[in-house]
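Raw protein.tsv, TSV, C-alpha atoms:
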```tsv
chain	number	residue	atom	x	y	z
A	267	MET	CA	-80.41	132.47	-70.05
A	268	ALA	CA	-82.06	130.82	-67.05
A	269	LYS	CA	-83.68	133.47	-64.90
A	270	ILE	CA	-85.34	132.81	-61.54
A	271	LEU	CA	-87.18	135.17	-59.22
A	272	ILE	CA	-87.90	133.82	-55.75
A	273	LYS	CA	-90.49	136.08	-54.15
A	274	ASN	CA	-92.30	136.41	-50.81
A	275	ILE	CA	-89.42	134.73	-48.96
A	276	LYS	CA	-90.26	134.46	-45.28
A	277	GLY	CA	-86.61	134.86	-44.35
A	278	LEU	CA	-83.60	135.38	-46.63
A	279	VAL	CA	-80.69	134.12	-44.56
A	280	GLN	CA	-77.00	135.05	-44.67
A	281	ALA	CA	-77.56	137.59	-47.48
A	282	GLY	CA	-75.41	140.70	-47.56
A	283	GLU	CA	-72.32	142.32	-49.01
A	284	ASN	CA	-70.56	142.84	-45.67
A	285	ILE	CA	-71.03	139.48	-43.96
A	286	PRO	CA	-67.62	138.41	-42.57
A	287	ALA	CA	-65.74	135.40	-43.94
A	288	VAL	CA	-65.65	133.87	-40.44
A	289	ARG	CA	-67.73	134.43	-37.32
A	290	LYS	CA	-66.00	133.91	-33.97
A	291	GLY	CA	-67.11	133.65	-30.36
A	292	SER	CA	-70.16	135.75	-29.55
A	293	GLN	CA	-70.37	136.83	-33.21
A	294	MET	CA	-71.63	133.33	-34.02
A	295	GLN	CA	-74.94	134.32	-32.46
A	296	GLU	CA	-75.36	136.94	-35.20
A	297	LEU	CA	-77.31	135.79	-38.25
A	298	ASP	CA	-78.52	138.07	-41.04
A	299	VAL	CA	-82.17	137.36	-41.84
A	300	MET	CA	-84.16	139.61	-44.19
A	301	GLU	CA	-87.92	139.16	-43.78
A	302	ASP	CA	-90.42	139.30	-46.66
A	303	ALA	CA	-87.68	139.28	-49.26
A	304	TYR	CA	-86.94	138.40	-52.86
A	305	LEU	CA	-83.91	136.85	-54.57
A	306	ALA	CA	-83.17	137.12	-58.29
A	307	LEU	CA	-80.84	134.70	-60.10
A	308	GLU	CA	-79.58	134.65	-63.68
A	309	ASP	CA	-77.59	131.62	-64.84
A	310	SER	CA	-77.23	130.76	-61.13
A	311	GLU	CA	-75.64	134.15	-60.37
A	312	VAL	CA	-77.21	136.39	-57.73
A	313	ILE	CA	-78.23	139.56	-59.57
A	314	GLY	CA	-80.47	141.06	-56.90
A	315	TYR	CA	-82.03	140.60	-53.47
A	316	GLY	CA	-83.87	142.74	-50.97
A	317	LEU	CA	-87.26	143.51	-49.50
A	318	MET	CA	-90.34	142.65	-51.53
A	319	ASN	CA	-91.34	146.33	-51.54
A	320	ASP	CA	-88.21	147.05	-53.59
A	321	TRP	CA	-88.23	144.21	-56.09
A	322	GLU	CA	-89.77	145.87	-59.15
A	323	GLY	CA	-87.47	146.36	-62.11
A	324	ILE	CA	-84.77	144.07	-60.78
A	325	ILE	CA	-85.18	141.45	-63.50
A	326	ASP	CA	-86.24	141.25	-67.14
A	327	TRP	CA	-89.62	139.51	-67.02
A	328	ARG	CA	-89.17	137.61	-70.27
A	329	ASP	CA	-88.61	133.87	-69.82
A	330	VAL	CA	-88.32	134.05	-66.06
A	331	GLU	CA	-89.28	131.29	-63.62
A	332	ILE	CA	-91.16	132.77	-60.69
A	333	ILE	CA	-91.17	130.86	-57.41
A	334	ASP	CA	-93.46	131.86	-54.57
A	335	ALA	CA	-91.57	131.12	-51.34
A	336	GLU	CA	-94.27	132.27	-48.96
A	337	GLY	CA	-93.65	130.65	-45.58
A	338	CYS	CA	-90.22	129.39	-46.69
A	339	PHE	CA	-86.65	130.33	-45.82
A	340	VAL	CA	-83.87	130.72	-48.40
A	341	LEU	CA	-80.28	130.33	-47.31
A	342	PRO	CA	-76.87	129.30	-48.66
A	343	ALA	CA	-76.67	125.55	-49.10
A	344	PHE	CA	-74.68	123.96	-46.30
A	345	ILE	CA	-71.01	123.03	-46.69
A	346	ASP	CA	-69.68	119.70	-45.44
A	347	SER	CA	-66.00	120.24	-44.70
A	348	HIS	CA	-65.18	116.72	-43.46
A	349	THR	CA	-66.40	113.52	-45.12
A	350	HIS	CA	-65.22	110.07	-46.18
A	351	ALA	CA	-67.90	109.78	-48.84
A	352	VAL	CA	-65.92	107.46	-51.13
A	353	PHE	CA	-66.01	103.94	-49.71
A	354	ALA	CA	-66.78	100.41	-50.85
A	355	LYS	CA	-69.35	98.95	-48.48
A	356	THR	CA	-71.32	99.81	-45.36
A	357	ARG	CA	-70.30	98.33	-41.98
A	358	GLU	CA	-73.53	97.64	-40.14
A	359	GLU	CA	-72.06	94.43	-38.67
A	360	GLU	CA	-69.79	96.62	-36.53
A	361	PHE	CA	-72.82	98.64	-35.46
A	362	VAL	CA	-74.25	95.40	-34.07
A	363	ASP	CA	-70.90	94.63	-32.38
A	364	ARG	CA	-71.12	97.95	-30.55
A	365	ILE	CA	-74.67	97.17	-29.44
A	366	HIS	CA	-73.21	94.00	-27.90
A	367	GLY	CA	-70.68	96.08	-25.99
A	368	LEU	CA	-67.52	96.23	-28.10
A	369	SER	CA	-65.74	99.58	-28.25
A	370	TYR	CA	-64.49	101.28	-31.41
A	371	GLU	CA	-60.92	100.36	-30.44
A	372	GLU	CA	-61.87	96.71	-29.69
A	373	ILE	CA	-63.55	96.40	-33.08
A	374	ALA	CA	-60.44	97.82	-34.75
A	375	ALA	CA	-58.22	95.39	-32.84
A	376	LYS	CA	-60.08	92.39	-34.31
A	377	GLY	CA	-59.71	93.64	-37.88
A	378	GLY	CA	-62.74	95.90	-38.09
A	379	GLY	CA	-62.92	99.63	-38.48
A	380	ILE	CA	-60.73	101.35	-41.06
A	381	LEU	CA	-58.96	98.09	-41.98
A	382	ASN	CA	-62.33	96.50	-42.74
A	383	SER	CA	-63.14	99.31	-45.20
A	384	ALA	CA	-59.68	98.96	-46.76
A	385	ARG	CA	-60.22	95.25	-47.48
A	386	LYS	CA	-63.60	95.93	-49.07
A	387	LEU	CA	-62.27	98.80	-51.15
A	388	ALA	CA	-59.42	96.72	-52.56
A	389	ALA	CA	-61.99	94.39	-54.15
A	390	LEU	CA	-63.67	97.14	-56.20
A	391	SER	CA	-62.51	98.66	-59.48
A	392	GLU	CA	-62.16	102.41	-59.87
A	393	ASP	CA	-65.30	102.51	-62.03
A	394	GLU	CA	-67.33	100.55	-59.45
A	395	LEU	CA	-66.13	102.83	-56.69
A	396	TYR	CA	-66.94	105.93	-58.74
A	397	GLU	CA	-70.48	104.82	-59.62
A	398	ALA	CA	-71.28	104.07	-55.98
A	399	ALA	CA	-69.82	107.40	-54.84
A	400	LYS	CA	-71.65	109.34	-57.56
A	401	ILE	CA	-75.02	108.09	-56.30
A	402	ARG	CA	-74.00	109.00	-52.76
A	403	VAL	CA	-72.97	112.54	-53.72
A	404	GLU	CA	-76.24	113.06	-55.61
A	405	LYS	CA	-78.12	112.18	-52.41
A	406	ILE	CA	-75.87	114.48	-50.41
A	407	ILE	CA	-76.73	117.38	-52.72
A	408	GLN	CA	-80.46	116.73	-52.46
A	409	SER	CA	-80.19	116.81	-48.66
A	410	GLY	CA	-79.07	120.45	-48.82
A	411	THR	CA	-75.27	120.33	-49.14
A	412	GLY	CA	-73.72	122.67	-51.70
A	413	ALA	CA	-69.99	121.94	-51.28
A	414	LEU	CA	-68.11	118.93	-50.05
A	415	GLU	CA	-64.71	117.74	-48.86
A	416	ILE	CA	-63.90	114.06	-49.45
A	417	LYS	CA	-60.94	112.16	-47.99
A	418	SER	CA	-59.09	109.09	-49.11
A	419	GLY	CA	-57.92	106.78	-46.33
A	420	TYR	CA	-59.62	103.48	-47.02
A	421	GLY	CA	-56.99	102.36	-49.51
A	422	LEU	CA	-54.00	102.04	-47.16
A	423	SER	CA	-51.85	100.97	-50.10
A	424	ARG	CA	-50.40	102.88	-53.01
A	425	GLU	CA	-52.95	101.37	-55.42
A	426	GLY	CA	-55.89	101.81	-53.07
A	427	GLU	CA	-55.17	105.40	-52.05
A	428	LEU	CA	-54.54	106.52	-55.62
A	429	LYS	CA	-57.71	104.76	-56.74
A	430	MET	CA	-59.72	106.70	-54.17
A	431	LEU	CA	-58.14	110.02	-55.09
A	432	ARG	CA	-58.75	109.42	-58.79
A	433	VAL	CA	-62.41	108.70	-57.99
A	434	ILE	CA	-62.62	111.95	-56.02
A	435	LYS	CA	-61.02	113.81	-58.94
A	436	ARG	CA	-63.68	112.38	-61.28
A	437	LEU	CA	-66.39	113.49	-58.88
A	438	LYS	CA	-64.87	117.00	-58.83
A	439	GLU	CA	-65.00	117.08	-62.63
A	440	ASN	CA	-68.51	115.68	-63.04
A	441	MET	CA	-70.65	116.75	-60.08
A	442	PRO	CA	-72.41	120.15	-60.03
A	443	ILE	CA	-70.96	121.30	-56.68
A	444	SER	CA	-67.48	122.22	-55.45
A	445	ILE	CA	-65.56	119.23	-54.07
A	446	LYS	CA	-62.22	119.39	-52.26
A	447	ALA	CA	-59.96	116.31	-52.12
A	448	THR	CA	-57.90	115.30	-49.09
A	449	PHE	CA	-55.14	112.69	-49.01
A	450	LEU	CA	-55.56	110.67	-45.81
A	451	GLY	CA	-53.19	107.79	-46.46
A	452	ALA	CA	-52.20	108.18	-42.79
A	453	HIS	CA	-55.60	106.97	-41.59
A	454	ALA	CA	-54.31	103.75	-40.03
A	455	TYR	CA	-51.37	101.38	-40.37
A	456	PRO	CA	-52.23	98.53	-42.76
A	457	VAL	CA	-51.78	94.96	-41.54
A	458	ALA	CA	-48.74	94.43	-43.75
A	459	PHE	CA	-46.95	97.28	-41.94
A	460	LYS	CA	-48.12	96.57	-38.40
A	461	GLU	CA	-44.54	95.87	-37.32
A	462	ASN	CA	-42.96	98.28	-39.82
A	463	LYS	CA	-44.46	101.71	-39.27
A	464	ARG	CA	-41.39	103.39	-40.71
A	465	GLY	CA	-41.91	101.47	-43.92
A	466	TYR	CA	-45.49	102.70	-44.30
A	467	ILE	CA	-44.56	106.32	-43.66
A	468	ASP	CA	-41.85	105.99	-46.30
A	469	LEU	CA	-44.45	104.54	-48.69
A	470	LEU	CA	-46.73	107.54	-48.10
A	471	ILE	CA	-43.99	110.09	-48.57
A	472	ASP	CA	-41.73	108.53	-51.20
A	473	GLU	CA	-44.21	106.68	-53.40
A	474	MET	CA	-47.68	108.16	-53.01
A	475	LEU	CA	-47.02	111.90	-52.69
A	476	PRO	CA	-45.01	112.20	-55.93
A	477	ILE	CA	-47.86	110.65	-57.93
A	478	ILE	CA	-50.44	112.78	-56.14
A	479	GLN	CA	-48.44	115.85	-57.10
A	480	LYS	CA	-47.95	114.72	-60.70
A	481	GLU	CA	-51.65	113.95	-61.24
A	482	ASN	CA	-52.93	116.86	-59.11
A	483	LEU	CA	-55.04	114.50	-57.04
A	484	ALA	CA	-55.46	116.39	-53.76
A	485	ASP	CA	-55.94	119.82	-52.20
A	486	TYR	CA	-55.19	118.83	-48.60
A	487	ILE	CA	-53.26	116.30	-46.56
A	488	ASP	CA	-54.66	114.75	-43.38
A	489	VAL	CA	-53.36	112.48	-40.61
A	490	PHE	CA	-55.29	110.60	-37.92
A	491	CYS	CA	-53.27	111.70	-34.91
A	492	GLU	CA	-54.38	109.38	-32.13
A	493	ARG	CA	-53.07	106.72	-29.77
A	494	ASN	CA	-52.55	103.45	-31.66
A	495	TYR	CA	-52.63	105.35	-34.96
A	496	PHE	CA	-50.16	108.18	-35.76
A	497	SER	CA	-48.14	110.06	-33.17
A	498	VAL	CA	-47.62	113.82	-33.16
A	499	ASP	CA	-44.08	113.38	-34.50
A	500	GLU	CA	-45.29	111.05	-37.26
A	501	MET	CA	-48.08	113.50	-38.12
A	502	GLU	CA	-45.55	116.33	-38.34
A	503	GLU	CA	-43.28	114.40	-40.72
A	504	ILE	CA	-46.15	113.40	-43.01
A	505	LEU	CA	-47.74	116.85	-43.05
A	506	LYS	CA	-44.43	118.55	-43.84
A	507	ALA	CA	-43.93	116.19	-46.78
A	508	GLY	CA	-47.38	117.13	-48.05
A	509	ILE	CA	-46.77	120.83	-47.54
A	510	ALA	CA	-43.58	120.50	-49.60
A	511	ILE	CA	-45.65	119.52	-52.67
A	512	GLY	CA	-48.35	122.16	-52.12
A	513	LEU	CA	-50.90	120.29	-50.00
A	514	LYS	CA	-52.36	122.10	-47.00
A	515	PRO	CA	-53.02	120.32	-43.69
A	516	LYS	CA	-56.50	119.42	-42.41
A	517	VAL	CA	-56.16	116.99	-39.53
A	518	HIS	CA	-57.96	114.50	-37.28
A	519	VAL	CA	-56.98	115.33	-33.68
A	520	ASN	CA	-58.23	114.79	-30.12
A	521	GLN	CA	-60.92	112.23	-30.93
A	522	PHE	CA	-60.11	110.05	-27.94
A	523	ASN	CA	-56.93	111.49	-26.39
A	524	ILE	CA	-55.09	114.81	-26.09
A	525	LEU	CA	-51.59	114.22	-27.43
A	526	GLY	CA	-50.50	117.72	-28.40
A	527	GLY	CA	-51.65	117.36	-31.99
A	528	VAL	CA	-53.67	120.60	-32.05
A	529	LYS	CA	-50.68	122.78	-31.19
A	530	LYS	CA	-48.49	121.06	-33.78
A	531	ALA	CA	-51.19	121.24	-36.47
A	532	VAL	CA	-51.62	124.96	-35.82
A	533	GLU	CA	-47.85	125.48	-36.07
A	534	LEU	CA	-47.95	123.79	-39.48
A	535	GLY	CA	-50.75	126.05	-40.73
A	536	ALA	CA	-53.65	123.61	-40.62
A	537	ILE	CA	-56.74	124.95	-42.41
A	538	SER	CA	-58.87	123.10	-39.86
A	539	VAL	CA	-58.48	120.84	-36.85
A	540	ASP	CA	-61.29	118.29	-36.75
A	541	HIS	CA	-62.95	116.10	-34.11
A	542	LEU	CA	-61.86	117.78	-30.83
A	543	GLU	CA	-64.08	115.58	-28.70
A	544	GLU	CA	-61.34	116.19	-26.12
A	545	ILE	CA	-59.77	119.62	-25.67
A	546	ASP	CA	-57.74	121.49	-23.03
A	547	GLU	CA	-56.58	125.02	-22.33
A	548	GLN	CA	-53.32	124.55	-24.23
A	549	ASP	CA	-55.32	123.59	-27.32
A	550	LEU	CA	-57.56	126.62	-26.96
A	551	GLU	CA	-54.59	128.96	-26.55
A	552	ALA	CA	-52.95	127.51	-29.65
A	553	LEU	CA	-56.14	128.00	-31.66
A	554	LYS	CA	-56.56	131.60	-30.47
A	555	ASN	CA	-53.28	132.51	-32.15
A	556	SER	CA	-54.15	130.85	-35.46
A	557	THR	CA	-56.45	130.94	-38.47
A	558	SER	CA	-57.28	127.22	-38.11
A	559	ILE	CA	-60.99	126.45	-37.94
A	560	PRO	CA	-61.99	124.11	-35.08
A	561	THR	CA	-64.48	121.63	-36.54
A	562	LEU	CA	-66.79	119.42	-34.50
A	563	LEU	CA	-68.40	116.20	-35.77
A	564	PRO	CA	-71.45	115.47	-33.60
A	565	GLY	CA	-72.67	112.67	-35.87
A	566	CYS	CA	-69.63	110.62	-34.90
A	567	SER	CA	-70.17	111.28	-31.18
A	568	HIS	CA	-73.80	110.21	-31.49
A	569	PHE	CA	-73.06	107.03	-33.41
A	570	LEU	CA	-70.10	105.88	-31.29
A	571	SER	CA	-71.56	107.06	-27.97
A	572	ILE	CA	-68.41	109.03	-27.20
A	573	PRO	CA	-68.27	112.55	-25.72
A	574	TYR	CA	-69.43	115.45	-27.84
A	575	GLY	CA	-67.01	118.25	-28.58
A	576	ASP	CA	-67.43	121.13	-26.13
A	577	ALA	CA	-68.88	123.74	-28.46
A	578	ARG	CA	-69.72	126.17	-25.66
A	579	ARG	CA	-66.15	126.13	-24.37
A	580	ILE	CA	-64.73	126.75	-27.85
A	581	ILE	CA	-67.17	129.58	-28.62
A	582	SER	CA	-66.65	131.12	-25.16
A	583	ALA	CA	-62.92	131.22	-25.89
A	584	GLY	CA	-63.71	133.61	-28.75
A	585	LEU	CA	-62.97	131.06	-31.47
A	586	PRO	CA	-64.80	130.27	-34.69
A	587	LEU	CA	-66.47	126.88	-34.97
A	588	ALA	CA	-67.51	124.76	-37.94
A	589	LEU	CA	-69.66	121.65	-38.03
A	590	ALA	CA	-69.37	118.72	-40.43
A	591	SER	CA	-70.90	115.28	-40.90
A	592	ASP	CA	-67.80	113.02	-40.84
A	593	PHE	CA	-69.91	110.88	-43.19
A	594	ASN	CA	-68.31	107.44	-43.33
A	595	PRO	CA	-69.41	103.80	-43.12
A	596	GLY	CA	-67.95	103.04	-39.70
A	597	SER	CA	-68.42	105.87	-37.23
A	598	SER	CA	-70.88	108.32	-38.84
A	599	PRO	CA	-73.08	106.84	-41.59
A	600	ASN	CA	-75.06	110.06	-41.98
A	601	TYR	CA	-74.64	112.84	-44.54
A	602	HIS	CA	-77.70	114.91	-43.62
A	603	LEU	CA	-76.38	118.21	-42.31
A	604	MET	CA	-79.86	119.06	-41.02
A	605	THR	CA	-79.33	116.19	-38.57
A	606	ILE	CA	-75.93	117.62	-37.65
A	607	LEU	CA	-77.62	120.99	-37.09
A	608	SER	CA	-80.06	119.38	-34.67
A	609	LEU	CA	-77.40	117.35	-32.83
A	610	ALA	CA	-75.31	120.49	-32.37
A	611	CYS	CA	-78.25	122.28	-30.78
A	612	VAL	CA	-79.48	119.39	-28.64
A	613	LYS	CA	-76.19	117.80	-27.56
A	614	GLN	CA	-73.70	120.66	-27.78
A	615	LYS	CA	-76.05	123.47	-26.66
A	616	MET	CA	-75.43	125.59	-29.72
A	617	THR	CA	-78.17	127.99	-30.72
A	618	PRO	CA	-79.72	127.56	-34.17
A	619	GLU	CA	-77.99	130.78	-35.24
A	620	GLU	CA	-74.59	129.51	-34.13
A	621	ALA	CA	-75.13	126.16	-35.82
A	622	ILE	CA	-76.19	127.76	-39.11
A	623	ASN	CA	-73.09	129.95	-39.07
A	624	ALA	CA	-71.05	126.82	-38.37
A	625	LEU	CA	-72.53	125.08	-41.43
A	626	THR	CA	-72.29	128.05	-43.80
A	627	ILE	CA	-69.60	130.73	-43.56
A	628	ASN	CA	-67.38	128.95	-41.03
A	629	ALA	CA	-67.63	125.65	-42.89
A	630	ALA	CA	-66.73	127.51	-46.09
A	631	ALA	CA	-63.60	128.80	-44.35
A	632	ALA	CA	-62.71	125.24	-43.34
A	633	VAL	CA	-62.37	124.31	-47.03
A	634	GLU	CA	-61.16	127.68	-48.32
A	635	LEU	CA	-64.39	128.51	-50.13
A	636	SER	CA	-65.14	131.81	-48.39
A	637	ASP	CA	-64.93	133.77	-51.64
A	638	THR	CA	-67.67	131.72	-53.30
A	639	HIS	CA	-69.76	129.88	-50.70
A	640	GLY	CA	-71.46	130.31	-47.36
A	641	LYS	CA	-73.40	133.52	-47.99
A	642	ILE	CA	-75.67	135.11	-50.59
A	643	ALA	CA	-74.16	138.16	-52.25
A	644	LEU	CA	-74.23	139.90	-55.61
A	645	GLY	CA	-72.25	138.12	-58.30
A	646	ARG	CA	-71.97	134.84	-56.40
A	647	ARG	CA	-73.00	131.47	-57.82
A	648	SER	CA	-73.01	129.62	-54.51
A	649	PRO	CA	-75.62	126.85	-54.26
A	650	ILE	CA	-78.79	128.03	-52.53
A	651	LEU	CA	-81.30	126.08	-50.47
A	652	MET	CA	-85.02	126.76	-50.17
A	653	THR	CA	-86.84	125.15	-47.28
A	654	LYS	CA	-90.36	123.85	-47.21
A	655	GLU	CA	-92.89	126.00	-45.40
A	656	ILE	CA	-91.73	126.16	-41.77
A	657	PRO	CA	-92.65	128.41	-38.83
A	658	SER	CA	-89.09	129.54	-37.96
A	659	LEU	CA	-85.40	128.87	-38.55
A	660	ALA	CA	-85.21	127.11	-35.18
A	661	TYR	CA	-87.68	124.57	-36.57
A	662	LEU	CA	-84.88	123.17	-38.77
A	663	ALA	CA	-83.13	121.89	-35.66
A	664	TYR	CA	-86.28	121.24	-33.65
A	665	ALA	CA	-88.07	118.93	-36.10
A	666	PHE	CA	-85.05	116.66	-36.59
A	667	GLY	CA	-86.98	113.86	-38.29
A	668	GLU	CA	-88.45	115.95	-41.11
A	669	ASP	CA	-87.08	116.61	-44.57
A	670	HIS	CA	-86.88	120.40	-44.68
A	671	VAL	CA	-85.38	120.87	-48.15
A	672	GLN	CA	-87.81	121.84	-50.91
A	673	ARG	CA	-85.32	122.82	-53.60
A	674	ILE	CA	-81.62	123.30	-54.28
A	675	PHE	CA	-80.45	125.92	-56.78
A	676	LEU	CA	-77.07	124.97	-58.25
```
Will you turn the file into structure tokens for me?
Amino acid sequence: MAKILIKNIKGLVQAGENIPAVRKGSQMQELDVMEDAYLALEDSEVIGYGLMNDWEGIIDWRDVEIIDAEGCFVLPAFIDSHTHAVFAKTREEEFVDRIHGLSYEEIAAKGGGILNSARKLAALSEDELYEAAKIRVEKIIQSGTGALEIKSGYGLSREGELKMLRVIKRLKENMPISIKATFLGAHAYPVAFKENKRGYIDLLIDEMLPIIQKENLADYIDVFCERNYFSVDEMEEILKAGIAIGLKPKVHVNQFNILGGVKKAVELGAISVDHLEEIDEQDLEALKNSTSIPTLLPGCSHFLSIPYGDARRIISAGLPLALASDFNPGSSPNYHLMTILSLACVKQKMTPEEAINALTINAAAAVELSDTHGKIALGRRSPILMTKEIPSLAYLAYAFGEDHVQRIFL
């Protein structure tokens, strides 16, 4: 049996048997930190933790790896509840287009954006796509992420979407962290259906969903509800078809416009509502009466130079809040959640405590992993992160250019 004792921990974060599954509103400022602590693991399972004064006798000393974490913090590995980590190629040419003044919507109108990724993905085999994604996920893990959601959405055809979902399924089976799969066939209308939107919705519902159900290819269903993409009514129809085969909604809403998608998503039992760069009082009221987790994606706001989601307004409304990377090749080519932590603090005026809660327990809730991830507790095998020697937890957000991760325990 592999036994590990981490001793002299400067701060053991989010460790406790009574930490809530979600922190809301002012509770997000609360963060459990045990100073001068130890953590004992056996076969990745937490078998003990507490103050260093109380550590003796907690572990059999035979064949144990002892790690001195003096000056270091130990916390649950972060959870990324919104990514597009399976894709064919990067899109730095569009990055240059934006520097020259083109907007995201103008780039999409000339064949860029999601349609660009779809063309590139069609040219790769499933094995090629898997090998590229596997390398990406390995890097994501090393950056401090211990659970991951991955969406399809760059296929935009029956063959392409199923290829992506089969790749995600292989990643779920072969990678050492929990991965959730989301069907996002309703990411954009493909060129072939530009004048036949009804035909594409029928393709999603009548041809793709039955195969997804048969092969157990997804946990969630997502729709990009936005002007020039999918309307609220179209989102509702697609989500209901997914719900009918056991998929739960997680949706893109309010990235550029408020269309009423938040209220409808909440009515349909969305696990999370993501983006929310725009939000109004009706949205907040709908969320107050739900279990949906509002999820902000500051990496996308930074990269596209669009407004940041109003974290302070959401927290002040007494709501929970999660953060995620939105890692994708077009609008957020960053998977480092430490960077997201810093952006949330600098651009959205979240405190480090709020941002850590948003990347641990609240992010776990956004992918239904609250029973296993997001906190350190007896009997859990959640991935754990040990920082390098740092002066404080706030330093993680403050020193945004440094690599803070010393080790990941999976």
Using only C-alpha atoms, find the one residue out of A:Thr626, A:Met430, A:Gln295, A:Ile406 that sits nearest to Glu394 of chain A.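 Checking each candidate against Glu394 of chain A, we get A:Met430 as the closest.
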Can you pull out every residue within 10 Å of Ile559 of chain A, counting all atoms listed in the file, but drop anything in the same chain fewer than 5 positions away, and send it as an MDAnalysis selection string? chainID A and resid 288 290 516 532 536:540 553 585:589 628:629 631:633
Env of Val312 of chain A: 9 Å cut, atoms = only C-alpha atoms, seq-sep filter 3 positions within chain, self excluded. Answer as number ranges by chain. A: 305-309, 315, 642-648
Can you list, as a list in words, every protein, DNA or RNA residue that comes within 10 Å of Ala458 of chain A when you count all atoms listed in the file, leaving out same-chain residues fewer than 6 positions away?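 My list of contacting residues is Leu422, Ser423, Gly465 and Tyr466 of chain A.
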Could you write out that same residue set with C-alpha atoms as a short mmCIF file (atom, residue, chain, number, x, y, z; two decimals), in the frame of the given file?
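For reference, out-v5.cif as written:
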```cif
data_model
loop_
_atom_site.label_atom_id
_atom_site.label_comp_id
_atom_site.auth_asym_id
_atom_site.auth_seq_id
_atom_site.Cartn_x
_atom_site.Cartn_y
_atom_site.Cartn_z
CA LEU A 422 -54.00 102.04 -47.16
CA SER A 423 -51.85 100.97 -50.10
CA GLY A 465 -41.91 101.47 -43.92
CA TYR A 466 -45.49 102.70 -44.30
#
```
Restrict the calculation to only C-alpha atoms, then for each residue of segment 475-574 of chain A with any atom at most 10 Å from an atom of segment 368-376 of chain A give the closest atom pair and their distance in Å to one decimal, rows by chain and rising residue number, as JSON lines.
```
{"residue": "A:Asn494", "atom": "CA", "partner": "A:Glu371", "partner_atom": "CA", "distance": 9.0}
{"residue": "A:Leu570", "atom": "CA", "partner": "A:Tyr370", "partner_atom": "CA", "distance": 7.3}
{"residue": "A:Ser571", "atom": "CA", "partner": "A:Ser369", "partner_atom": "CA", "distance": 9.5}
{"residue": "A:Ile572", "atom": "CA", "partner": "A:Tyr370", "partner_atom": "CA", "distance": 9.7}
```
Can you pull out every residue within 9 Å of Ser418 of chain A, counting only C-alpha atoms, but drop anything in the same chain fewer than 2 positions away, and send it as a CSV table (one decimal) with C-alpha atoms, keeping the file's coordinate frame?
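Below you can see result-v3.csv, which holds the result:
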```
chain,number,residue,atom,x,y,z
A,350,HIS,CA,-65.2,110.1,-46.2
A,351,ALA,CA,-67.9,109.8,-48.8
A,352,VAL,CA,-65.9,107.5,-51.1
A,353,PHE,CA,-66.0,103.9,-49.7
A,416,ILE,CA,-63.9,114.1,-49.4
A,420,TYR,CA,-59.6,103.5,-47.0
A,421,GLY,CA,-57.0,102.4,-49.5
A,422,LEU,CA,-54.0,102.0,-47.2
A,426,GLY,CA,-55.9,101.8,-53.1
A,427,GLU,CA,-55.2,105.4,-52.0
A,428,LEU,CA,-54.5,106.5,-55.6
A,429,LYS,CA,-57.7,104.8,-56.7
A,430,MET,CA,-59.7,106.7,-54.2
A,431,LEU,CA,-58.1,110.0,-55.1
A,434,ILE,CA,-62.6,112.0,-56.0
A,447,ALA,CA,-60.0,116.3,-52.1
A,448,THR,CA,-57.9,115.3,-49.1
A,449,PHE,CA,-55.1,112.7,-49.0
A,450,LEU,CA,-55.6,110.7,-45.8
A,451,GLY,CA,-53.2,107.8,-46.5
A,453,HIS,CA,-55.6,107.0,-41.6
```
Quick one: residues within 6 Å of (-68.4, 114.4, -59.6) (file frame), counting all atoms listed in the file, please, as number ranges by chain. A: 436-441
Would you write out those residues with C-alpha atoms, as a PDB file, in the coordinates of the input?
```
ATOM      1  CA  ARG A 436     -63.680 112.380 -61.280  1.00  0.00           C
ATOM      2  CA  LEU A 437     -66.390 113.490 -58.880  1.00  0.00           C
ATOM      3  CA  LYS A 438     -64.870 117.000 -58.830  1.00  0.00           C
ATOM      4  CA  GLU A 439     -65.000 117.080 -62.630  1.00  0.00           C
ATOM      5  CA  ASN A 440     -68.510 115.680 -63.040  1.00  0.00           C
ATOM      6  CA  MET A 441     -70.650 116.750 -60.080  1.00  0.00           C
TER       7      MET A 441
END
```
Among listed residues A:Lys554, A:Lys529, A:Arg673, A:Lys613, nearest Ile272 of chain A (using only C-alpha atoms):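 Comparing A:Lys554, A:Lys529, A:Arg673, A:Lys613 against Ile272 of chain A, the winner is A:Arg673.
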Calculate how many Å separate atom CA of Gly291 of chain A from atom CA of Glu547 of chain A, rounding to one decimal.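 Those two atoms sit 15.8 Å apart.
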Pick the closest to Glu634 of chain A from A:Asp329, A:Glu544, A:Glu461, A:Asp485: which is it, counting only C-alpha atoms?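 Ranked by minimum distance to Glu634 of chain A, first place goes to A:Asp485.
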Calculated over only C-alpha atoms, which of the candidates A:Arg579, A:Lys400, A:Lys273, A:Arg432 has the smallest distance to Cys338 of chain A? A:Lys273
Closest of A:Gly508, A:Asp298, A:Pro657, A:Gly527 to Gln479 of chain A - atom-to-atom distances counting only C-alpha atoms: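 Closest candidate: A:Gly508.
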Given all atoms listed in the file as the counted atoms, nearest of A:Gly596, A:Ser658, A:Phe666, A:Leu387 to Val612 of chain A: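 Smallest separation from Val612 of chain A among the options: A:Phe666.
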In Å, with one decimal, what is the gap from atom CA of Asn274 of chain A to atom CA of Gly337 of chain A?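 Taking atom CA of Asn274 of chain A as the start and atom CA of Gly337 of chain A as the end point, the length is 7.9 Å.
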May I have the residues within 9 Å of Asp669 of chain A as a list in words, using only C-alpha atoms and disregarding those fewer than 5 positions away in the same chain?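 Contacts, in chain order: Ser409, Met604, Thr653 and Lys654 of chain A.
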